[in-house]
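Everything below concerns the one structure shown next.
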Amino acid sequence: MGKVNSITSPAPKGGVSYKQISIEYENMPVILKPVYTGICGTDRGIVNGALQFAYCPPGYSDLALGHESICKVVSAKSNEFGIRSGDLVVPQVRRPGKCLNCATGRSDNCSDGDKHEAGITGMHGFMREEFGDYPEYLLKVSSDSIREVGVLTEPLKNVEKAFEVYEVASRRSISTDRFGSLSEKRAIVIGTGSEAFLYALKCRDYGFQTLITNRHPVDDLKMKFLDAAGVEFFDYTKEHRDSKGWDLVIDTSGDPGTILRFLRKTNNNGNIILFGTNGKAPATGIDGQDIDYIIERNIFLIGSVDGARVHYERALQDLERWNAQYGDRLKSLITHRFSPQDTSVFTKKDPLEIKSVIDWSM
Ligand code: NAP
Ligand code: ZN
């Protein structure tokens with residue numbers, strides 16, 4: 001049984017170690033090494049014991065962490081799915097259960113919860129110096145130019161899926177403006193973390209006038225990135241930009257009070273994507289007038305989680321395109337790099353962080 005250095009947590013108790021754990025992987029069809037693994041709130045939530053839904057695989061008292069990654073193929077037993085040694089790949093996080101959606105490649109829409117997520121629920125993650133996987137769960141990265149930003153494929157696939165749902169939702173009415181485009185339509189992204197930035201880029205691609213907001217100002221690096229992307233920032237505690245209303249509201253904060261604030265300024269036939277989660281956010285009052293407002297304006301509330309293989313594919317295409325379009329600005333989303341041994345990144349977050357990654361060559 002292969003003993004490899006891994007970043008682990010005794011989920012759901014909390015805690016983090018860089019240590020050797022024994023996980024059989026040598027007979028798996030594809031052997032991989034991580035190049036970069038990303039860190040997000042879920043990893044930190046597992047480490048500080050706040051995510052009770054996280055659990056170890058059967059027979060283990062430790063869970064290898066890591067669901068955002070770009071990896072190098074060390075060896076591939078066959079060339080199934082075109083995966084060959086030396087390739088860069090992104091492994092899918094969610095693995096199917098037995099429901100019909102899972103059986104047809106849409107475990108993102110799992111209907112009974114009987115699925116697993118690498119590094120989160122019952123399956124070891126990718127923060128291991130070497131591990132095995134099946135070729136059908138690996139997405140090939142076609143260009144070495146996105147070797148580092150490719151680690152954003154996993155968070156971006158969530159955005160791609162949410163926009164797929166938005167497209168279905170917006171088909172119910174004329175959703176474009178008098179020019180047949182979205183140039184007069186206004187999108188607001190709540191929050192200024194990495195997912196919010198990816199949403200903002202996607203809104204710009206669609207042609208929305210795109211604004212992004214938080215309850216405090218943001219630093220210079222973030223402002224420069226937003227500027228390059230044509231996205232306007234405002235601090236909603238100081239400024240109101242709602243006079244023309246919002247056609248698309250995307251929340252990454254998970255804060256009910258803030259969502260309601262923007263919901264109350266949403267235009268007719270508007271869509272609201274609920275994406276951020278924060279179980280500890282305070283309750284907020286929603287009254288009969290709010291329900292009336294939602295009904296009378298045909299407002300569509302969309303909850304969206306995860307993404308399927310097709311969304312990873314779209315994410316890779318977008319990253320390649322954005323890399324060509326924004327160059328170093330896109331790379332600036334990766335603000336911090338850590339060695340696998342330095343687990344401090346799991347317990348503290350630098351206020352200047354957009355995305356922190358573990359560089360497995362360090
Ligand atoms: P993140 O960096 O923590 O982003 C959350 C952002 O929301 C931060 O910029 C935070 O601001 C901001 N925020 C918090 N409360 C706010 C408020 N009241 N008003 C305005 N902004 C507020 O996390 P992320 O990695 O980008 O992920 C975003 C969220 O999506 C997280 O909740 C995550 O759990 C969730 N998520 C959902 C899915 C899904 O499939 N639905 C997948 C991945 C992640 P400051 O921290 O700067 O104050
Ligand atoms: Zn399922």
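Order determines the names: the first chain of the structure tokens is A, the second B, and so forth; residues in each chain are numbered 1 upward, and ligands are numbered 1 upward as they are shown.
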Hey, which bits of chain A sit within 9 Å of ligand 1, and for each residue what's the closest pair of atoms and how far apart in Å (one decimal), counting only C-alpha atoms and all ligand atoms, rows by chain and increasing number, as a Markdown table?
| residue | atom | partner | partner_atom_place_in_ligand_line | distance |
| --- | --- | --- | --- | --- |
| A:Ile39 | CA | ligand 1 | 25 (O) | 8.2 |
| A:Cys40 | CA | ligand 1 | 25 (O) | 5.0 |
| A:Gly41 | CA | ligand 1 | 25 (O) | 5.6 |
| A:Thr42 | CA | ligand 1 | 34 (O) | 6.0 |
| A:Gly45 | CA | ligand 1 | 34 (O) | 8.9 |
| A:Asp108 | CA | ligand 1 | 40 (O) | 8.7 |
| A:Glu154 | CA | ligand 1 | 43 (C) | 8.8 |
| A:Pro155 | CA | ligand 1 | 43 (C) | 6.1 |
| A:Leu156 | CA | ligand 1 | 43 (C) | 8.9 |
| A:Lys157 | CA | ligand 1 | 40 (O) | 8.7 |
| A:Asn158 | CA | ligand 1 | 40 (O) | 5.2 |
| A:Val159 | CA | ligand 1 | 40 (O) | 7.9 |
| A:Lys161 | CA | ligand 1 | 40 (O) | 8.6 |
| A:Ala162 | CA | ligand 1 | 40 (O) | 8.3 |
| A:Ile190 | CA | ligand 1 | 20 (C) | 5.4 |
| A:Gly191 | CA | ligand 1 | 7 (O) | 3.6 |
| A:Thr192 | CA | ligand 1 | 9 (O) | 3.6 |
| A:Gly193 | CA | ligand 1 | 2 (O) | 3.5 |
| A:Ser194 | CA | ligand 1 | 26 (O) | 4.2 |
| A:Glu195 | CA | ligand 1 | 26 (O) | 3.8 |
| A:Ala196 | CA | ligand 1 | 26 (O) | 5.6 |
| A:Phe197 | CA | ligand 1 | 26 (O) | 7.8 |
| A:Leu198 | CA | ligand 1 | 26 (O) | 8.7 |
| A:Thr213 | CA | ligand 1 | 20 (C) | 6.3 |
| A:Asn214 | CA | ligand 1 | 20 (C) | 3.9 |
| A:Arg215 | CA | ligand 1 | 20 (C) | 5.0 |
| A:His216 | CA | ligand 1 | 48 (O) | 7.1 |
| A:Pro217 | CA | ligand 1 | 47 (O) | 8.8 |
| A:Val218 | CA | ligand 1 | 47 (O) | 7.7 |
| A:Asp235 | CA | ligand 1 | 20 (C) | 8.6 |
| A:Tyr236 | CA | ligand 1 | 20 (C) | 8.1 |
| A:Asp251 | CA | ligand 1 | 7 (O) | 7.9 |
| A:Thr252 | CA | ligand 1 | 29 (C) | 4.5 |
| A:Ser253 | CA | ligand 1 | 7 (O) | 3.6 |
| A:Gly254 | CA | ligand 1 | 32 (O) | 5.7 |
| A:Asp255 | CA | ligand 1 | 18 (N) | 5.1 |
| A:Pro256 | CA | ligand 1 | 18 (N) | 8.0 |
| A:Gly257 | CA | ligand 1 | 18 (N) | 7.2 |
| A:Thr258 | CA | ligand 1 | 18 (N) | 5.4 |
| A:Ile259 | CA | ligand 1 | 19 (N) | 8.3 |
| A:Leu274 | CA | ligand 1 | 41 (N) | 7.4 |
| A:Phe275 | CA | ligand 1 | 41 (N) | 4.2 |
| A:Gly276 | CA | ligand 1 | 30 (O) | 3.5 |
| A:Thr277 | CA | ligand 1 | 32 (O) | 3.9 |
| A:Asn278 | CA | ligand 1 | 32 (O) | 5.6 |
| A:Ala281 | CA | ligand 1 | 15 (N) | 8.2 |
| A:Gly303 | CA | ligand 1 | 41 (N) | 7.4 |
| A:Ser304 | CA | ligand 1 | 41 (N) | 5.3 |
| A:Val305 | CA | ligand 1 | 40 (O) | 3.3 |
| A:Asp306 | CA | ligand 1 | 40 (O) | 3.9 |
| A:Gly307 | CA | ligand 1 | 40 (O) | 7.3 |
| A:Pro351 | CA | ligand 1 | 47 (O) | 7.0 |
| A:Leu352 | CA | ligand 1 | 47 (O) | 8.8 |
| A:Glu353 | CA | ligand 1 | 2 (O) | 8.1 |
| A:Ile354 | CA | ligand 1 | 2 (O) | 6.8 |
| A:Lys355 | CA | ligand 1 | 2 (O) | 7.9 |
Query raised in the report: What residues have any atom no more than 9 Å from ligand 2 when counting only C-alpha atoms and all ligand atoms, and can you list them as number ranges by chain?
Result: A: 95-103, 106-115
Let's have the selection written as a compact mmCIF listing (two decimals), in the first residue's frame, with N, CA, C and O atoms.
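File written: selection_1.txt
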# COMPACT_ATOMS: atom_id res chain seq x y z
N ARG A 95 -18.18 12.61 -7.83
CA ARG A 95 -18.25 11.28 -8.44
C ARG A 95 -19.65 10.72 -8.26
O ARG A 95 -20.25 10.85 -7.19
N PRO A 96 -20.19 10.09 -9.35
CA PRO A 96 -21.61 9.76 -9.36
C PRO A 96 -22.03 8.70 -8.35
O PRO A 96 -21.27 7.81 -8.01
N GLY A 97 -23.29 8.85 -7.92
CA GLY A 97 -23.96 7.81 -7.15
C GLY A 97 -24.80 6.99 -8.11
O GLY A 97 -24.42 6.81 -9.28
N LYS A 98 -25.98 6.53 -7.65
CA LYS A 98 -26.76 5.60 -8.48
C LYS A 98 -28.02 6.22 -9.07
O LYS A 98 -28.76 5.54 -9.78
N CYS A 99 -28.31 7.50 -8.79
CA CYS A 99 -29.56 8.06 -9.31
C CYS A 99 -29.44 8.27 -10.83
O CYS A 99 -28.35 8.17 -11.39
N LEU A 100 -30.55 8.57 -11.46
CA LEU A 100 -30.56 8.70 -12.93
C LEU A 100 -29.71 9.87 -13.41
O LEU A 100 -29.01 9.77 -14.41
N ASN A 101 -29.76 10.99 -12.68
CA ASN A 101 -28.93 12.12 -13.10
C ASN A 101 -27.45 11.75 -13.03
O ASN A 101 -26.67 12.08 -13.93
N CYS A 102 -27.06 11.07 -11.95
CA CYS A 102 -25.66 10.64 -11.82
C CYS A 102 -25.31 9.67 -12.95
O CYS A 102 -24.23 9.76 -13.55
N ALA A 103 -26.23 8.77 -13.27
CA ALA A 103 -25.96 7.75 -14.29
C ALA A 103 -25.84 8.35 -15.69
O ALA A 103 -25.31 7.72 -16.59
N ARG A 106 -24.71 13.72 -14.99
CA ARG A 106 -25.06 14.98 -14.36
C ARG A 106 -25.12 14.82 -12.84
O ARG A 106 -26.12 15.15 -12.20
N SER A 107 -23.99 14.32 -12.28
CA SER A 107 -23.95 14.19 -10.82
C SER A 107 -24.05 15.55 -10.14
O SER A 107 -24.35 15.64 -8.95
N ASP A 108 -23.83 16.65 -10.91
CA ASP A 108 -24.04 17.99 -10.32
C ASP A 108 -25.51 18.19 -9.96
O ASP A 108 -25.83 19.00 -9.09
N ASN A 109 -26.39 17.44 -10.63
CA ASN A 109 -27.82 17.52 -10.33
C ASN A 109 -28.29 16.25 -9.62
O ASN A 109 -29.44 15.83 -9.79
N CYS A 110 -27.40 15.62 -8.87
CA CYS A 110 -27.72 14.37 -8.16
C CYS A 110 -29.06 14.53 -7.43
O CYS A 110 -29.30 15.54 -6.77
N SER A 111 -29.94 13.51 -7.58
CA SER A 111 -31.28 13.69 -7.02
C SER A 111 -31.46 13.02 -5.66
O SER A 111 -32.51 13.20 -5.04
N ASP A 112 -30.49 12.27 -5.19
CA ASP A 112 -30.68 11.65 -3.87
C ASP A 112 -29.50 11.87 -2.91
O ASP A 112 -29.50 11.35 -1.80
N GLY A 113 -28.51 12.62 -3.35
CA GLY A 113 -27.38 12.94 -2.45
C GLY A 113 -26.37 11.82 -2.32
O GLY A 113 -25.37 11.93 -1.60
N ASP A 114 -26.57 10.73 -3.07
CA ASP A 114 -25.69 9.56 -2.96
C ASP A 114 -24.48 9.71 -3.90
O ASP A 114 -24.27 8.90 -4.80
N LYS A 115 -23.71 10.78 -3.74
CA LYS A 115 -22.51 10.99 -4.56
C LYS A 115 -21.37 11.34 -3.61
O LYS A 115 -21.59 11.50 -2.41
Query raised in the report: Among segment 86-306 of chain A, which residues carry a DSSP assignment of helix (DSSP H, G or I), reported as a PyMOL selection string?
Result: chain A and resi 100-103+107-109+135-137+144-146+149-170+194-206+220-229+256-263+288-296
Query raised in the report: Out of A:Leu211, A:Leu330, A:Met123, A:Ala283, which residue has the shortest atom-to-atom distance to Lys185 of chain A when counting only C-alpha atoms?
Result: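 Checking each of A:Leu211, A:Leu330, A:Met123, A:Ala283 against Lys185 of chain A, counting only C-alpha atoms, the winner is A:Leu211.
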With only C-alpha atoms counted and 9 Å as the cut-off, give the residues of segment 227-343 of chain A in contact with segment 138-144 of chain A, each with its shortest interatomic distance in Å and the pair that gives it, as JSON lines.
{"residue": "A:Arg309", "atom": "CA", "partner": "A:Leu139", "partner_atom": "CA", "distance": 7.8}
{"residue": "A:Tyr312", "atom": "CA", "partner": "A:Leu139", "partner_atom": "CA", "distance": 7.3}
{"residue": "A:Glu313", "atom": "CA", "partner": "A:Leu139", "partner_atom": "CA", "distance": 7.2}
{"residue": "A:Leu316", "atom": "CA", "partner": "A:Val141", "partner_atom": "CA", "distance": 7.0}
{"residue": "A:Glu320", "atom": "CA", "partner": "A:Ser143", "partner_atom": "CA", "distance": 7.6}
Query - Within 7 Å of Val47 of chain A using only C-alpha atoms, minus same-chain residues under 3 positions, as a ChimeraX atom specification - result: /A:9,14-16,43-44,346
Using the selection just defined, write its residues with N, CA, C and O atoms as a PDB file, in the first residue's frame.
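Result file follows (part.pdb):
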ATOM      1  N   SER A   9      -7.041  15.994   6.952  1.00  0.00           N
ATOM      2  CA  SER A   9      -7.825  16.489   8.085  1.00  0.00           C
ATOM      3  C   SER A   9      -8.697  15.343   8.599  1.00  0.00           C
ATOM      4  O   SER A   9      -9.270  14.597   7.791  1.00  0.00           O
ATOM      5  N   GLY A  14     -12.080  18.474  12.326  1.00  0.00           N
ATOM      6  CA  GLY A  14     -11.242  19.654  12.100  1.00  0.00           C
ATOM      7  C   GLY A  14      -9.792  19.375  12.443  1.00  0.00           C
ATOM      8  O   GLY A  14      -9.468  18.389  13.125  1.00  0.00           O
ATOM      9  N   GLY A  15      -8.895  20.240  11.951  1.00  0.00           N
ATOM     10  CA  GLY A  15      -7.450  20.051  12.122  1.00  0.00           C
ATOM     11  C   GLY A  15      -6.821  19.836  10.754  1.00  0.00           C
ATOM     12  O   GLY A  15      -7.532  19.538   9.782  1.00  0.00           O
ATOM     13  N   VAL A  16      -5.499  20.038  10.687  1.00  0.00           N
ATOM     14  CA  VAL A  16      -4.812  19.830   9.403  1.00  0.00           C
ATOM     15  C   VAL A  16      -3.386  19.362   9.657  1.00  0.00           C
ATOM     16  O   VAL A  16      -2.734  19.812  10.601  1.00  0.00           O
ATOM     17  N   ASP A  43     -12.190  24.104   2.049  1.00  0.00           N
ATOM     18  CA  ASP A  43     -11.024  23.480   2.695  1.00  0.00           C
ATOM     19  C   ASP A  43     -10.841  24.065   4.096  1.00  0.00           C
ATOM     20  O   ASP A  43     -10.596  23.339   5.055  1.00  0.00           O
ATOM     21  N   ARG A  44     -10.977  25.390   4.182  1.00  0.00           N
ATOM     22  CA  ARG A  44     -10.797  26.048   5.488  1.00  0.00           C
ATOM     23  C   ARG A  44     -11.921  25.636   6.452  1.00  0.00           C
ATOM     24  O   ARG A  44     -11.690  25.442   7.632  1.00  0.00           O
ATOM     25  N   PHE A 346      -4.411  27.209   5.632  1.00  0.00           N
ATOM     26  CA  PHE A 346      -5.737  26.662   5.932  1.00  0.00           C
ATOM     27  C   PHE A 346      -6.384  27.343   7.141  1.00  0.00           C
ATOM     28  O   PHE A 346      -7.578  27.226   7.352  1.00  0.00           O
TER      29      PHE A 346
END
Query raised in the report: Which residues come within 8 Å of Arg204 of chain A, counting only C-alpha atoms, excluding same-chain residues fewer than 3 positions away, as a list in words?
Result: Ala200, Leu201, Gly207, Phe208, Gln209, Thr210, Ala229, Gly230 and Val231 of chain A
Query raised in the report: If we count only C-alpha atoms, what is near segment 292-297 of chain A at a cut-off of 9 Å, once residues fewer than 6 positions away on the same chain are taken out, given as an NGL selection string?
Result: :A and (263-264 or 266-270)
Would you export the selected residues with N, CA, C and O atoms as a CSV table (one decimal), in the first residue's frame, please?
chain,number,residue,atom,x,y,z
A,263,LEU,N,-32.4,42.1,-4.1
A,263,LEU,CA,-33.6,41.5,-4.6
A,263,LEU,C,-34.7,42.6,-4.8
A,263,LEU,O,-35.4,42.7,-5.8
A,264,ARG,N,-34.7,43.5,-3.8
A,264,ARG,CA,-35.8,44.5,-3.8
A,264,ARG,C,-35.6,45.6,-4.9
A,264,ARG,O,-36.4,46.4,-5.1
A,266,THR,N,-34.5,44.5,-8.0
A,266,THR,CA,-34.4,43.6,-9.2
A,266,THR,C,-35.5,44.0,-10.2
A,266,THR,O,-36.7,44.2,-9.8
A,267,ASN,N,-35.2,44.1,-11.5
A,267,ASN,CA,-36.1,44.5,-12.5
A,267,ASN,C,-37.1,43.4,-12.9
A,267,ASN,O,-36.9,42.2,-12.6
A,268,ASN,N,-38.1,43.8,-13.6
A,268,ASN,CA,-39.1,42.8,-14.2
A,268,ASN,C,-38.3,41.7,-14.9
A,268,ASN,O,-37.4,42.0,-15.7
A,269,ASN,N,-38.8,40.5,-14.7
A,269,ASN,CA,-38.2,39.3,-15.4
A,269,ASN,C,-36.7,39.1,-15.1
A,269,ASN,O,-35.9,38.5,-15.8
A,270,GLY,N,-36.3,39.6,-13.9
A,270,GLY,CA,-34.9,39.5,-13.5
A,270,GLY,C,-34.6,38.1,-13.0
A,270,GLY,O,-35.5,37.4,-12.6
Report task. Write down as number ranges by chain the residues of segment 121-155 of chain A whose backbone DSSP state falls under strand (DSSP E). Result -> A: 122-123, 131-133, 138-141
Requested in this report: Rank nothing, just name the residue among A:Tyr60, A:Leu65, A:Asp219, A:Glu184 nearest to Gly245 of chain A, using only C-alpha atoms.
Outcome: A:Glu184
Report task. Identify which of the residues A:Ser85, A:Ser356, A:Cys203, A:Leu301 lies closest to Val189 of chain A, counting only C-alpha atoms when measuring atom-to-atom distances. Result ->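 When distances to Val189 of chain A are compared using only C-alpha atoms, the smallest one comes from A:Cys203.
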Requested in this report: Would you mind reading off the distance between atom CA of Ser173 of chain A and atom CA of His240 of chain A, one decimal, in Å?
Outcome: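 Atom CA of His240 of chain A lies 27.6 Å from atom CA of Ser173 of chain A.
For segment 32-38 of chain A, the non-local neighbours within 7 Å, defined as residues at least 5 positions apart in the same chain or in other chains and counting only C-alpha atoms, are A:Gly66, A:Glu68, A:Ser69, A:Ile70, A:Cys71, A:Lys72, A:Val73, A:Val74, A:Phe126, A:Met127, A:Glu129, A:Glu130, A:Phe131, A:Gly132, A:Glu148, A:Val151, A:Ser356, A:Val357, A:Ile358, A:Asp359, A:Trp360, A:Ser361.
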